[in-house]
>>> print(open('protein-v6.cif').read())   # mmCIF, C-alpha atoms (C1' of nucleotides)
data_run
#
loop_
_atom_site.label_atom_id
_atom_site.label_comp_id
_atom_site.auth_asym_id
_atom_site.auth_seq_id
_atom_site.Cartn_x
_atom_site.Cartn_y
_atom_site.Cartn_z
CA MET A 1 -98.83 5.21 -48.72
CA SER A 2 -96.05 7.37 -47.34
CA THR A 3 -92.52 6.19 -46.65
CA ALA A 4 -93.15 2.56 -45.72
CA ASN A 5 -93.72 2.48 -41.99
CA LYS A 6 -92.40 -0.79 -40.69
CA ILE A 7 -92.26 0.48 -37.15
CA LYS A 8 -93.64 -2.02 -34.73
CA PRO A 9 -93.34 -0.94 -31.09
CA THR A 10 -92.91 -3.69 -28.52
CA GLY A 11 -95.01 -3.90 -25.38
CA SER A 12 -92.69 -1.80 -23.26
CA GLU A 13 -92.24 0.70 -26.02
CA LEU A 14 -95.98 1.09 -26.21
CA GLU A 15 -96.15 1.92 -22.53
CA ILE A 16 -93.65 4.67 -23.06
CA LEU A 17 -95.44 5.96 -26.13
CA GLN A 18 -98.63 6.24 -24.07
CA ILE A 19 -96.93 8.67 -21.79
CA LEU A 20 -95.32 10.64 -24.59
CA TRP A 21 -98.61 10.93 -26.42
CA ASP A 22 -100.33 12.18 -23.30
CA ARG A 23 -97.67 14.72 -22.46
CA GLU A 24 -96.50 15.75 -25.91
CA SER A 25 -92.94 15.52 -24.72
CA ALA A 26 -91.06 14.30 -21.67
CA SER A 27 -87.66 13.55 -20.23
CA VAL A 28 -86.52 10.07 -19.33
CA ARG A 29 -87.06 10.96 -15.70
CA ASP A 30 -90.61 12.08 -16.37
CA VAL A 31 -91.40 8.89 -18.18
CA HIS A 32 -89.73 6.74 -15.58
CA GLU A 33 -91.61 8.46 -12.78
CA GLU A 34 -94.87 7.80 -14.55
CA LEU A 35 -94.01 4.19 -15.33
CA SER A 36 -93.07 3.59 -11.71
CA LYS A 37 -96.70 3.96 -10.73
CA THR A 38 -97.44 0.62 -12.31
CA LYS A 39 -94.10 -1.10 -12.78
CA THR A 40 -90.92 -1.68 -10.85
CA SER A 41 -87.91 -1.49 -13.08
CA GLY A 42 -84.82 0.63 -12.82
CA TYR A 43 -84.21 4.04 -14.25
CA THR A 44 -81.56 2.83 -16.65
CA THR A 45 -84.00 0.34 -18.06
CA THR A 46 -86.34 3.13 -19.06
CA LEU A 47 -83.40 5.09 -20.38
CA LYS A 48 -82.15 2.21 -22.48
CA LEU A 49 -85.59 1.56 -23.85
CA MET A 50 -85.99 5.16 -24.91
CA GLN A 51 -82.56 5.17 -26.49
CA ILE A 52 -83.51 2.12 -28.51
CA MET A 53 -86.75 3.77 -29.53
CA PHE A 54 -84.74 6.73 -30.70
CA GLU A 55 -82.50 4.52 -32.79
CA LYS A 56 -85.53 2.88 -34.33
CA GLY A 57 -87.08 6.22 -35.10
CA ILE A 58 -90.09 5.70 -32.89
CA VAL A 59 -89.29 8.88 -31.01
CA THR A 60 -87.32 12.02 -31.66
CA ARG A 61 -85.38 13.95 -29.06
CA ASP A 62 -83.88 17.28 -28.29
CA ASP A 63 -80.44 16.74 -26.79
CA SER A 64 -79.30 20.34 -26.84
CA SER A 65 -79.31 20.46 -23.07
CA LYS A 66 -78.21 17.88 -20.53
CA ILE A 67 -81.69 16.56 -20.07
CA HIS A 68 -82.86 15.06 -23.34
CA ILE A 69 -86.46 15.74 -24.19
CA TYR A 70 -88.27 13.05 -26.13
CA GLN A 71 -91.24 13.27 -28.41
CA PRO A 72 -93.27 10.59 -30.17
CA ALA A 73 -92.43 10.21 -33.84
CA VAL A 74 -95.43 8.04 -34.64
CA SER A 75 -98.99 9.16 -34.13
CA ARG A 76 -101.34 7.62 -31.64
CA LYS A 77 -104.01 7.13 -34.28
CA LYS A 78 -101.74 5.44 -36.74
CA THR A 79 -100.44 3.11 -34.07
CA GLN A 80 -103.91 2.33 -32.82
CA LYS A 81 -105.00 1.47 -36.33
CA GLN A 82 -101.97 -0.68 -36.88
CA PHE A 83 -102.60 -2.81 -33.80
CA LEU A 84 -106.32 -2.84 -34.29
CA ASP A 85 -106.01 -4.17 -37.81
CA LYS A 86 -103.65 -6.83 -36.65
CA MET A 87 -106.07 -7.87 -33.95
CA ILE A 88 -109.06 -7.90 -36.28
CA ASN A 89 -107.22 -10.15 -38.68
CA GLY A 90 -105.47 -12.27 -36.13
CA LEU A 91 -108.15 -12.82 -33.53
CA PHE A 92 -111.47 -11.91 -35.12
CA GLY A 93 -111.22 -13.59 -38.49
CA GLY A 94 -111.02 -10.28 -40.29
CA SER A 95 -114.39 -9.11 -39.08
CA SER A 96 -114.31 -5.69 -37.51
CA ALA A 97 -117.99 -6.14 -36.66
CA ALA A 98 -117.11 -9.11 -34.49
CA LEU A 99 -114.52 -7.06 -32.67
CA VAL A 100 -116.86 -4.13 -32.20
CA MET A 101 -119.64 -6.24 -30.79
CA GLN A 102 -117.29 -8.00 -28.48
CA ALA A 103 -116.09 -4.61 -27.25
CA LEU A 104 -119.62 -3.38 -26.76
CA GLY A 105 -120.65 -6.43 -24.80
CA ASN A 106 -118.90 -7.37 -21.60
CA GLN A 107 -120.30 -4.23 -19.96
CA GLN A 108 -117.23 -2.43 -21.25
CA ALA A 109 -119.24 0.40 -22.64
CA SER A 110 -121.22 2.79 -20.51
CA GLN A 111 -124.53 4.24 -21.61
CA SER A 112 -122.98 7.50 -22.65
CA GLU A 113 -120.40 5.65 -24.66
CA LEU A 114 -123.13 3.74 -26.41
CA ASP A 115 -124.83 7.01 -27.27
CA GLU A 116 -121.61 8.35 -28.62
CA ILE A 117 -121.15 5.34 -30.80
CA GLN A 118 -124.73 5.57 -32.00
CA LYS A 119 -124.16 9.10 -33.10
CA TYR A 120 -121.00 8.12 -34.89
CA LEU A 121 -122.80 5.27 -36.59
CA ASP A 122 -125.54 7.59 -37.79
CA ASP A 123 -122.91 9.83 -39.27
CA LEU A 124 -121.31 6.99 -41.14
CA LYS A 125 -124.63 5.86 -42.54
CA THR A 126 -125.57 9.16 -44.06
CA LYS A 127 -122.48 9.16 -46.18
CA MET B 1 -112.97 -14.17 -10.32
CA SER B 2 -112.47 -17.84 -11.00
CA THR B 3 -109.15 -19.63 -10.70
CA ALA B 4 -106.82 -16.79 -11.68
CA ASN B 5 -106.29 -17.04 -15.40
CA LYS B 6 -102.80 -15.86 -16.08
CA ILE B 7 -102.67 -17.55 -19.46
CA LYS B 8 -101.25 -15.26 -22.06
CA PRO B 9 -100.74 -16.93 -25.43
CA THR B 10 -97.85 -15.66 -27.53
CA GLY B 11 -98.17 -14.75 -31.17
CA SER B 12 -97.36 -18.20 -32.48
CA GLU B 13 -99.57 -19.82 -29.91
CA LEU B 14 -102.41 -17.65 -31.06
CA GLU B 15 -101.99 -18.87 -34.61
CA ILE B 16 -102.31 -22.40 -33.41
CA LEU B 17 -105.30 -21.59 -31.25
CA GLN B 18 -107.04 -20.12 -34.29
CA ILE B 19 -106.85 -23.46 -35.99
CA LEU B 20 -107.92 -25.43 -32.94
CA TRP B 21 -110.88 -23.16 -32.39
CA ASP B 22 -111.98 -23.57 -35.99
CA ARG B 23 -111.64 -27.32 -36.00
CA GLU B 24 -112.56 -28.18 -32.44
CA SER B 25 -109.64 -30.57 -32.26
CA ALA B 26 -106.65 -31.49 -34.37
CA SER B 27 -103.42 -33.42 -34.49
CA VAL B 28 -100.04 -31.76 -34.73
CA ARG B 29 -99.91 -32.76 -38.37
CA ASP B 30 -103.28 -31.16 -39.04
CA VAL B 31 -102.19 -27.94 -37.43
CA HIS B 32 -98.85 -27.94 -39.15
CA GLU B 33 -100.44 -28.55 -42.54
CA GLU B 34 -102.71 -25.58 -41.98
CA LEU B 35 -99.93 -23.34 -40.74
CA SER B 36 -97.80 -24.21 -43.74
CA LYS B 37 -100.22 -22.32 -45.94
CA THR B 38 -98.93 -19.08 -44.51
CA LYS B 39 -95.66 -19.90 -42.79
CA THR B 40 -92.55 -21.91 -43.45
CA SER B 41 -91.28 -23.56 -40.33
CA GLY B 42 -90.56 -27.18 -39.61
CA TYR B 43 -92.89 -29.81 -38.30
CA THR B 44 -91.02 -30.19 -35.03
CA THR B 45 -91.41 -26.49 -34.43
CA THR B 46 -95.15 -26.82 -34.49
CA LEU B 47 -94.90 -29.92 -32.35
CA LYS B 48 -92.73 -28.21 -29.77
CA LEU B 49 -95.02 -25.23 -29.65
CA MET B 50 -98.03 -27.41 -29.01
CA GLN B 51 -96.19 -29.34 -26.34
CA ILE B 52 -95.36 -26.09 -24.60
CA MET B 53 -98.96 -24.99 -24.88
CA PHE B 54 -99.95 -28.25 -23.26
CA GLU B 55 -97.55 -27.66 -20.39
CA LYS B 56 -98.95 -24.18 -19.92
CA GLY B 57 -102.48 -25.49 -19.92
CA ILE B 58 -103.51 -23.60 -23.02
CA VAL B 59 -104.57 -26.83 -24.69
CA THR B 60 -105.53 -30.29 -23.58
CA ARG B 61 -104.76 -33.47 -25.45
CA ASP B 62 -105.75 -37.05 -25.86
CA ASP B 63 -102.63 -39.17 -25.99
CA SER B 64 -104.30 -42.54 -25.78
CA SER B 65 -103.21 -43.37 -29.28
CA LYS B 66 -99.99 -42.65 -31.10
CA ILE B 67 -101.33 -39.54 -32.72
CA HIS B 68 -102.13 -37.04 -30.01
CA ILE B 69 -105.26 -35.03 -30.49
CA TYR B 70 -105.23 -31.52 -29.17
CA GLN B 71 -108.07 -29.30 -28.08
CA PRO B 72 -108.16 -25.68 -26.97
CA ALA B 73 -108.42 -25.24 -23.22
CA VAL B 74 -109.25 -21.56 -23.42
CA SER B 75 -112.26 -20.22 -25.26
CA ARG B 76 -112.04 -17.99 -28.26
CA LYS B 77 -114.36 -15.45 -26.66
CA LYS B 78 -112.45 -15.30 -23.43
CA THR B 79 -109.18 -14.84 -25.26
CA GLN B 80 -110.62 -12.20 -27.53
CA LYS B 81 -111.91 -10.35 -24.51
CA GLN B 82 -108.59 -10.63 -22.76
CA PHE B 83 -106.66 -9.09 -25.63
CA LEU B 84 -109.34 -6.56 -26.35
CA ASP B 85 -109.38 -5.33 -22.77
CA LYS B 86 -105.66 -5.05 -22.78
CA MET B 87 -105.78 -3.04 -25.95
CA ILE B 88 -108.55 -0.76 -24.73
CA ASN B 89 -106.62 -0.01 -21.58
CA GLY B 90 -103.20 0.08 -23.14
CA LEU B 91 -103.80 1.91 -26.37
CA PHE B 92 -107.16 3.62 -26.06
CA GLY B 93 -106.97 5.11 -22.60
CA GLY B 94 -109.63 2.78 -21.26
CA SER B 95 -112.28 3.98 -23.67
CA SER B 96 -113.97 1.18 -25.55
CA ALA B 97 -115.90 3.81 -27.48
CA ALA B 98 -112.65 5.17 -28.84
CA LEU B 99 -111.63 1.73 -29.98
CA VAL B 100 -114.98 1.01 -31.55
CA MET B 101 -115.06 4.21 -33.49
CA GLN B 102 -111.53 3.70 -34.68
CA ALA B 103 -112.54 0.25 -35.89
CA LEU B 104 -115.62 1.60 -37.64
CA GLY B 105 -113.74 4.36 -39.35
CA ASN B 106 -110.92 3.57 -41.74
CA GLN B 107 -113.49 1.93 -44.03
CA GLN B 108 -112.87 -1.26 -42.15
CA ALA B 109 -116.54 -1.99 -41.85
CA SER B 110 -118.79 -2.75 -44.77
CA GLN B 111 -122.37 -1.56 -44.97
CA SER B 112 -123.75 -4.90 -43.90
CA GLU B 113 -121.40 -4.94 -40.96
CA LEU B 114 -122.62 -1.52 -39.95
CA ASP B 115 -126.19 -2.78 -40.09
CA GLU B 116 -125.25 -5.72 -37.96
CA ILE B 117 -123.69 -3.48 -35.40
CA GLN B 118 -126.69 -1.18 -35.44
CA LYS B 119 -128.93 -4.10 -34.65
CA TYR B 120 -126.68 -5.17 -31.83
CA LEU B 121 -126.63 -1.67 -30.46
CA ASP B 122 -130.41 -1.49 -30.49
CA ASP B 123 -130.49 -4.69 -28.53
CA LEU B 124 -128.14 -3.38 -25.91
CA LYS B 125 -130.16 -0.21 -25.53
CA THR B 126 -133.44 -1.92 -24.78
CA LYS B 127 -131.96 -3.71 -21.82
"C1'" DT C 1 -92.07 -60.96 -35.18
"C1'" DT C 2 -89.50 -57.87 -37.45
"C1'" DT C 3 -89.12 -53.80 -40.14
"C1'" DC C 4 -90.21 -49.28 -41.43
"C1'" DC C 5 -92.07 -44.87 -40.99
"C1'" DA C 6 -94.72 -41.38 -38.82
"C1'" DT C 7 -94.88 -39.44 -34.52
"C1'" DT C 8 -93.36 -37.79 -30.05
"C1'" DA C 9 -89.65 -36.30 -26.75
"C1'" DC C 10 -86.07 -33.46 -25.65
"C1'" DG C 11 -82.13 -30.65 -25.54
"C1'" DA C 12 -79.80 -27.04 -27.67
"C1'" DA C 13 -79.15 -23.10 -30.71
"C1'" DC C 14 -80.84 -18.82 -31.99
"C1'" DA C 15 -83.38 -14.48 -31.66
"C1'" DA C 16 -85.79 -10.76 -29.56
"C1'" DA C 17 -86.88 -8.06 -25.67
"C1'" DA C 18 -86.11 -6.33 -21.10
"C1'" DT C 19 -83.20 -5.33 -17.24
"C1'" DC C 20 -79.34 -3.79 -14.96
"C1'" DG C 21 -74.42 -2.37 -13.50
"C1'" DT C 22 -70.89 0.60 -14.26
"C1'" DA C 23 -68.41 4.17 -16.69
"C1'" DT C 24 -68.64 8.65 -18.64
"C1'" DT C 25 -70.46 13.20 -19.29
"C1'" DT C 26 -72.76 17.46 -18.17
"C1'" DT C 27 -73.79 21.23 -15.40
"C1'" DG C 28 -74.83 23.88 -11.33
"C1'" DC C 29 -72.66 25.21 -7.07
"C1'" DT C 30 -68.98 26.59 -3.92
"C1'" DA D 1 -61.27 25.57 -11.04
"C1'" DG D 2 -62.94 21.60 -8.57
"C1'" DC D 3 -66.72 18.84 -6.72
"C1'" DA D 4 -71.13 16.62 -6.36
"C1'" DA D 5 -75.38 15.32 -8.24
"C1'" DA D 6 -77.93 13.86 -11.96
"C1'" DA D 7 -78.08 12.42 -16.52
"C1'" DT D 8 -76.47 9.68 -20.55
"C1'" DA D 9 -73.85 5.79 -22.83
"C1'" DC D 10 -73.05 1.20 -23.36
"C1'" DG D 11 -71.97 -3.49 -22.71
"C1'" DA D 12 -73.48 -7.62 -20.44
"C1'" DT D 13 -76.90 -10.52 -18.48
"C1'" DT D 14 -81.40 -12.44 -18.03
"C1'" DT D 15 -85.70 -13.76 -19.66
"C1'" DT D 16 -88.88 -15.17 -23.04
"C1'" DG D 17 -90.08 -16.98 -27.40
"C1'" DT D 18 -88.97 -19.58 -31.69
"C1'" DT D 19 -86.70 -22.94 -34.38
"C1'" DC D 20 -84.54 -27.07 -35.32
"C1'" DG D 21 -81.70 -31.57 -35.11
"C1'" DT D 22 -81.59 -36.00 -33.40
"C1'" DA D 23 -83.00 -39.80 -30.55
"C1'" DA D 24 -86.63 -42.71 -28.84
"C1'" DT D 25 -91.14 -44.77 -29.52
"C1'" DG D 26 -95.36 -46.98 -31.25
"C1'" DG D 27 -98.00 -49.39 -34.41
"C1'" DA D 28 -99.30 -51.00 -39.00
"C1'" DA D 29 -98.02 -53.95 -42.59
"C1'" DA D 30 -95.09 -57.35 -44.52
#
>>> encode(input="protein-v6.cif", output="structure tokens")
Amino acid sequence: MSTANKIKPTGSELEILQILWDRESASVRDVHEELSKTKTSGYTTTLKLMQIMFEKGIVTRDDSSKIHIYQPAVSRKKTQKQFLDKMINGLFGGSSAALVMQALGNQQASQSELDEIQKYLDDLKTK
Amino acid sequence: MSTANKIKPTGSELEILQILWDRESASVRDVHEELSKTKTSGYTTTLKLMQIMFEKGIVTRDDSSKIHIYQPAVSRKKTQKQFLDKMINGLFGGSSAALVMQALGNQQASQSELDEIQKYLDDLKTK
DNA sequence: TTTCCATTACGAACAAAATCGTATTTTGCT
DNA sequence: AGCAAAATACGATTTTGTTCGTAATGGAAA
């Protein structure tokens, strides 16, 4: 395992990471604009949050010009796995099957999604 | 949608719910004993937490005798779904398929779990 | 009934996370 | 150069969650 990754984004940090992952990189203004679609908090709040994330090493930034450009420093996949594992252990008694079935039920998954999963499952089985 | 369920258990509350779900009902002492296997915090901490949960309506209790007996007021399934949905939307861009495949990969799932899921998937498809 | 101990009640301290106000800095424009 | 607009820096406050100390209470056993 690489250099021990103890990074654990908070809820708000995760929201910001979403945006950074989607856009590869973004300024504080960009992020704040995007966040404003679903939240109502001030610009400096977003700024502060991103500064803290920088200090923690969750993001990197290019501050060579006035407008700092931020980039995610943790991968989406790795973070997904991290939270997923925690959820499987914490809420589903360690059974990923239980989680999967719960996700498949509740009409969460469309037909095409089910097909996709089927294909993936076939792949796994032939290994 | 029924009477707006804004209940959002915190991390510690979730730990306690785990125990209550497993045992149907339990006293503070029972819960604390169980928690002590993995944590080290005082008895009154557990007590306070459960009292708060009661105030929030996360648990009910029978206080007819000295030792209060607590029961979960939210179902395991409903809570799982709540957190799962949040995760699908927050971390997986709304795609439950993405979450499922992530959970299946990473050698999280054993062969028998895969079989179980396959069976479940077949069921879903014939509906 | 009185005592003793396990339990509950409750306030307060502590910690973590989120929010904001204000000062400072940068840079483009005149 | 000097100004205005927009961005960053940073401390302080607020909110939420966790932990604990101490007082009050109830009930079983002496």
>>> closest_residue(input="protein-v6.cif", among="B:Ile117, B:Val28, B:Val100, B:Leu49", to="chain D", atoms="all atoms listed in the file")
B:Leu49
>>> interface_residues(input="protein-v6.cif", of="chain D", to="chain A", cutoff="12 Å", atoms="all atoms listed in the file", output="ChimeraX atom specification")
/D:6-11
>>> resolve_selection(input="protein-v6.cif", expression="the PyMOL selection byres ((chain A) within 9 of (chain B))", output="PDB file with C-alpha atoms, in the coordinates of the input")
ATOM      1  CA  LEU A  14     -95.980   1.090 -26.210  1.00  0.00           C
ATOM      2  CA  GLU A  15     -96.150   1.920 -22.530  1.00  0.00           C
ATOM      3  CA  GLN A  18     -98.630   6.240 -24.070  1.00  0.00           C
ATOM      4  CA  ARG A  76    -101.340   7.620 -31.640  1.00  0.00           C
ATOM      5  CA  LYS A  77    -104.010   7.130 -34.280  1.00  0.00           C
ATOM      6  CA  THR A  79    -100.440   3.110 -34.070  1.00  0.00           C
ATOM      7  CA  GLN A  80    -103.910   2.330 -32.820  1.00  0.00           C
ATOM      8  CA  LYS A  81    -105.000   1.470 -36.330  1.00  0.00           C
ATOM      9  CA  PHE A  83    -102.600  -2.810 -33.800  1.00  0.00           C
ATOM     10  CA  LEU A  84    -106.320  -2.840 -34.290  1.00  0.00           C
ATOM     11  CA  ASP A  85    -106.010  -4.170 -37.810  1.00  0.00           C
ATOM     12  CA  MET A  87    -106.070  -7.870 -33.950  1.00  0.00           C
ATOM     13  CA  ILE A  88    -109.060  -7.900 -36.280  1.00  0.00           C
ATOM     14  CA  GLY A  90    -105.470 -12.270 -36.130  1.00  0.00           C
ATOM     15  CA  LEU A  91    -108.150 -12.820 -33.530  1.00  0.00           C
ATOM     16  CA  PHE A  92    -111.470 -11.910 -35.120  1.00  0.00           C
ATOM     17  CA  GLY A  93    -111.220 -13.590 -38.490  1.00  0.00           C
ATOM     18  CA  SER A  95    -114.390  -9.110 -39.080  1.00  0.00           C
ATOM     19  CA  SER A  96    -114.310  -5.690 -37.510  1.00  0.00           C
ATOM     20  CA  ALA A  97    -117.990  -6.140 -36.660  1.00  0.00           C
ATOM     21  CA  ALA A  98    -117.110  -9.110 -34.490  1.00  0.00           C
ATOM     22  CA  LEU A  99    -114.520  -7.060 -32.670  1.00  0.00           C
ATOM     23  CA  VAL A 100    -116.860  -4.130 -32.200  1.00  0.00           C
ATOM     24  CA  MET A 101    -119.640  -6.240 -30.790  1.00  0.00           C
ATOM     25  CA  GLN A 102    -117.290  -8.000 -28.480  1.00  0.00           C
ATOM     26  CA  ALA A 103    -116.090  -4.610 -27.250  1.00  0.00           C
ATOM     27  CA  LEU A 104    -119.620  -3.380 -26.760  1.00  0.00           C
ATOM     28  CA  GLY A 105    -120.650  -6.430 -24.800  1.00  0.00           C
ATOM     29  CA  ASN A 106    -118.900  -7.370 -21.600  1.00  0.00           C
ATOM     30  CA  GLN A 108    -117.230  -2.430 -21.250  1.00  0.00           C
ATOM     31  CA  ALA A 109    -119.240   0.400 -22.640  1.00  0.00           C
ATOM     32  CA  SER A 110    -121.220   2.790 -20.510  1.00  0.00           C
ATOM     33  CA  GLN A 111    -124.530   4.240 -21.610  1.00  0.00           C
ATOM     34  CA  GLU A 113    -120.400   5.650 -24.660  1.00  0.00           C
ATOM     35  CA  LEU A 114    -123.130   3.740 -26.410  1.00  0.00           C
ATOM     36  CA  GLU A 116    -121.610   8.350 -28.620  1.00  0.00           C
ATOM     37  CA  ILE A 117    -121.150   5.340 -30.800  1.00  0.00           C
ATOM     38  CA  GLN A 118    -124.730   5.570 -32.000  1.00  0.00           C
ATOM     39  CA  TYR A 120    -121.000   8.120 -34.890  1.00  0.00           C
ATOM     40  CA  LEU A 121    -122.800   5.270 -36.590  1.00  0.00           C
ATOM     41  CA  LEU A 124    -121.310   6.990 -41.140  1.00  0.00           C
ATOM     42  CA  LYS A 125    -124.630   5.860 -42.540  1.00  0.00           C
TER      43      LYS A 125
END
>>> closest_atom_pairs(input="protein-v6.cif", of="chain C", to="chain A", cutoff="8 Å", atoms="all atoms listed in the file", output="JSON lines")
{"residue": "C:DA17", "atom": "C1'", "partner": "A:Thr10", "partner_atom": "CA", "distance": 8.0}
{"residue": "C:DA18", "atom": "C1'", "partner": "A:Thr45", "partner_atom": "CA", "distance": 7.6}
{"residue": "C:DT19", "atom": "C1'", "partner": "A:Thr45", "partner_atom": "CA", "distance": 5.8}
{"residue": "C:DC20", "atom": "C1'", "partner": "A:Thr45", "partner_atom": "CA", "distance": 7.0}
{"residue": "C:DT26", "atom": "C1'", "partner": "A:Lys66", "partner_atom": "CA", "distance": 6.0}
{"residue": "C:DT27", "atom": "C1'", "partner": "A:Lys66", "partner_atom": "CA", "distance": 7.6}
>>> calpha_fit_and_write(input="protein-v6.cif", fixed="chain A", moving="chain B", output="compact mmCIF listing (two decimals) with C-alpha atoms, keeping the file's coordinate frame")
# COMPACT_ATOMS: atom_id res chain seq x y z
CA MET B 1 -98.53 3.94 -49.15
CA SER B 2 -96.02 6.37 -47.74
CA THR B 3 -92.49 5.44 -46.72
CA ALA B 4 -93.09 1.86 -45.59
CA ASN B 5 -93.82 1.99 -41.89
CA LYS B 6 -92.45 -1.16 -40.41
CA ILE B 7 -92.39 0.27 -36.91
CA LYS B 8 -93.79 -2.16 -34.43
CA PRO B 9 -93.48 -1.00 -30.83
CA THR B 10 -93.05 -3.70 -28.21
CA GLY B 11 -95.08 -3.86 -25.04
CA SER B 12 -92.72 -1.75 -22.98
CA GLU B 13 -92.30 0.71 -25.78
CA LEU B 14 -96.03 1.11 -25.92
CA GLU B 15 -96.13 2.02 -22.26
CA ILE B 16 -93.64 4.74 -22.88
CA LEU B 17 -95.48 5.97 -25.95
CA GLN B 18 -98.64 6.30 -23.86
CA ILE B 19 -96.89 8.77 -21.64
CA LEU B 20 -95.31 10.70 -24.49
CA TRP B 21 -98.62 10.96 -26.28
CA ASP B 22 -100.30 12.29 -23.16
CA ARG B 23 -97.63 14.83 -22.42
CA GLU B 24 -96.50 15.79 -25.89
CA SER B 25 -92.89 15.58 -24.78
CA ALA B 26 -90.97 14.43 -21.74
CA SER B 27 -87.55 13.70 -20.34
CA VAL B 28 -86.42 10.23 -19.38
CA ARG B 29 -86.90 11.17 -15.75
CA ASP B 30 -90.46 12.31 -16.41
CA VAL B 31 -91.28 9.07 -18.14
CA HIS B 32 -89.59 6.97 -15.52
CA GLU B 33 -91.41 8.76 -12.71
CA GLU B 34 -94.70 8.05 -14.42
CA LEU B 35 -93.87 4.43 -15.13
CA SER B 36 -92.86 3.89 -11.53
CA LYS B 37 -96.47 4.29 -10.51
CA THR B 38 -97.23 0.92 -12.01
CA LYS B 39 -93.90 -0.80 -12.51
CA THR B 40 -90.70 -1.35 -10.61
CA SER B 41 -87.71 -1.24 -12.88
CA GLY B 42 -84.62 0.89 -12.73
CA TYR B 43 -84.04 4.29 -14.21
CA THR B 44 -81.43 3.05 -16.66
CA THR B 45 -83.91 0.53 -17.96
CA THR B 46 -86.25 3.29 -18.97
CA LEU B 47 -83.34 5.23 -20.38
CA LYS B 48 -82.12 2.31 -22.44
CA LEU B 49 -85.58 1.63 -23.75
CA MET B 50 -85.99 5.21 -24.88
CA GLN B 51 -82.58 5.18 -26.51
CA ILE B 52 -83.56 2.09 -28.44
CA MET B 53 -86.82 3.71 -29.45
CA PHE B 54 -84.82 6.65 -30.71
CA GLU B 55 -82.61 4.37 -32.79
CA LYS B 56 -85.68 2.70 -34.24
CA GLY B 57 -87.22 6.04 -35.08
CA ILE B 58 -90.19 5.58 -32.79
CA VAL B 59 -89.36 8.81 -31.00
CA THR B 60 -87.38 11.92 -31.74
CA ARG B 61 -85.40 13.90 -29.22
CA ASP B 62 -83.87 17.24 -28.52
CA ASP B 63 -80.41 16.72 -27.11
CA SER B 64 -79.27 20.31 -27.23
CA SER B 65 -79.16 20.47 -23.48
CA LYS B 66 -78.06 17.93 -20.93
CA ILE B 67 -81.54 16.67 -20.33
CA HIS B 68 -82.81 15.14 -23.54
CA ILE B 69 -86.41 15.79 -24.37
CA TYR B 70 -88.24 13.08 -26.20
CA GLN B 71 -91.26 13.26 -28.45
CA PRO B 72 -93.31 10.56 -30.13
CA ALA B 73 -92.52 10.10 -33.80
CA VAL B 74 -95.56 7.96 -34.49
CA SER B 75 -99.09 9.14 -33.89
CA ARG B 76 -101.40 7.59 -31.38
CA LYS B 77 -104.10 7.14 -34.01
CA LYS B 78 -101.82 5.49 -36.50
CA THR B 79 -100.52 3.11 -33.88
CA GLN B 80 -103.98 2.31 -32.62
CA LYS B 81 -105.05 1.56 -36.16
CA GLN B 82 -102.03 -0.60 -36.76
CA PHE B 83 -102.69 -2.80 -33.75
CA LEU B 84 -106.40 -2.81 -34.30
CA ASP B 85 -106.03 -3.98 -37.88
CA LYS B 86 -103.70 -6.68 -36.81
CA MET B 87 -106.15 -7.82 -34.21
CA ILE B 88 -109.11 -7.75 -36.57
CA ASN B 89 -107.24 -9.85 -39.07
CA GLY B 90 -105.50 -12.08 -36.60
CA LEU B 91 -108.18 -12.77 -34.06
CA PHE B 92 -111.48 -11.80 -35.65
CA GLY B 93 -111.17 -13.31 -39.09
CA GLY B 94 -111.00 -9.91 -40.75
CA SER B 95 -114.39 -8.83 -39.49
CA SER B 96 -114.34 -5.48 -37.75
CA ALA B 97 -118.01 -5.97 -36.97
CA ALA B 98 -117.15 -9.04 -34.94
CA LEU B 99 -114.59 -7.09 -32.99
CA VAL B 100 -116.92 -4.19 -32.40
CA MET B 101 -119.71 -6.34 -31.14
CA GLN B 102 -117.38 -8.23 -28.88
CA ALA B 103 -116.22 -4.91 -27.46
CA LEU B 104 -119.78 -3.70 -26.97
CA GLY B 105 -120.88 -6.86 -25.27
CA ASN B 106 -119.25 -7.97 -22.04
CA GLN B 107 -120.69 -4.85 -20.39
CA GLN B 108 -117.55 -3.07 -21.43
CA ALA B 109 -119.47 -0.09 -22.69
CA SER B 110 -121.47 2.21 -20.49
CA GLN B 111 -124.75 3.75 -21.58
CA SER B 112 -123.14 7.05 -22.43
CA GLU B 113 -120.54 5.27 -24.48
CA LEU B 114 -123.26 3.48 -26.37
CA ASP B 115 -124.91 6.81 -27.10
CA GLU B 116 -121.64 8.18 -28.32
CA ILE B 117 -121.19 5.27 -30.63
CA GLN B 118 -124.74 5.59 -31.88
CA LYS B 119 -124.09 9.18 -32.80
CA TYR B 120 -120.92 8.24 -34.60
CA LEU B 121 -122.71 5.51 -36.46
CA ASP B 122 -125.40 7.91 -37.60
CA ASP B 123 -122.71 10.17 -38.92
CA LEU B 124 -121.09 7.41 -40.89
CA LYS B 125 -124.41 6.40 -42.39
CA THR B 126 -125.27 9.80 -43.79
CA LYS B 127 -122.10 9.89 -45.82
>>> resolve_selection(input="protein-v6.cif", expression="the PyMOL selection byres ((chain A and resi 7) around 12)", output="VMD selection string")
chain A and resid 3 to 6 8 to 10 13 to 14 53 to 59 73 to 75 78 to 79 82 to 83
>>> resolve_selection(input="protein-v6.cif", expression="the PyMOL selection byres ((chain D and resi 26) around 12)", output="list in words")
Asp63, Ser64, Ser65, Lys66 and Ile67 of chain B; DC4, DC5, DA6, DT7 and DT8 of chain C; DA24, DT25, DG27 and DA28 of chain D
>>> atom_distance(input="protein-v6.cif", atom1="atom C1' of DT22 of chain C", atom2="atom CA of Arg61 of chain A")
24.6 Å
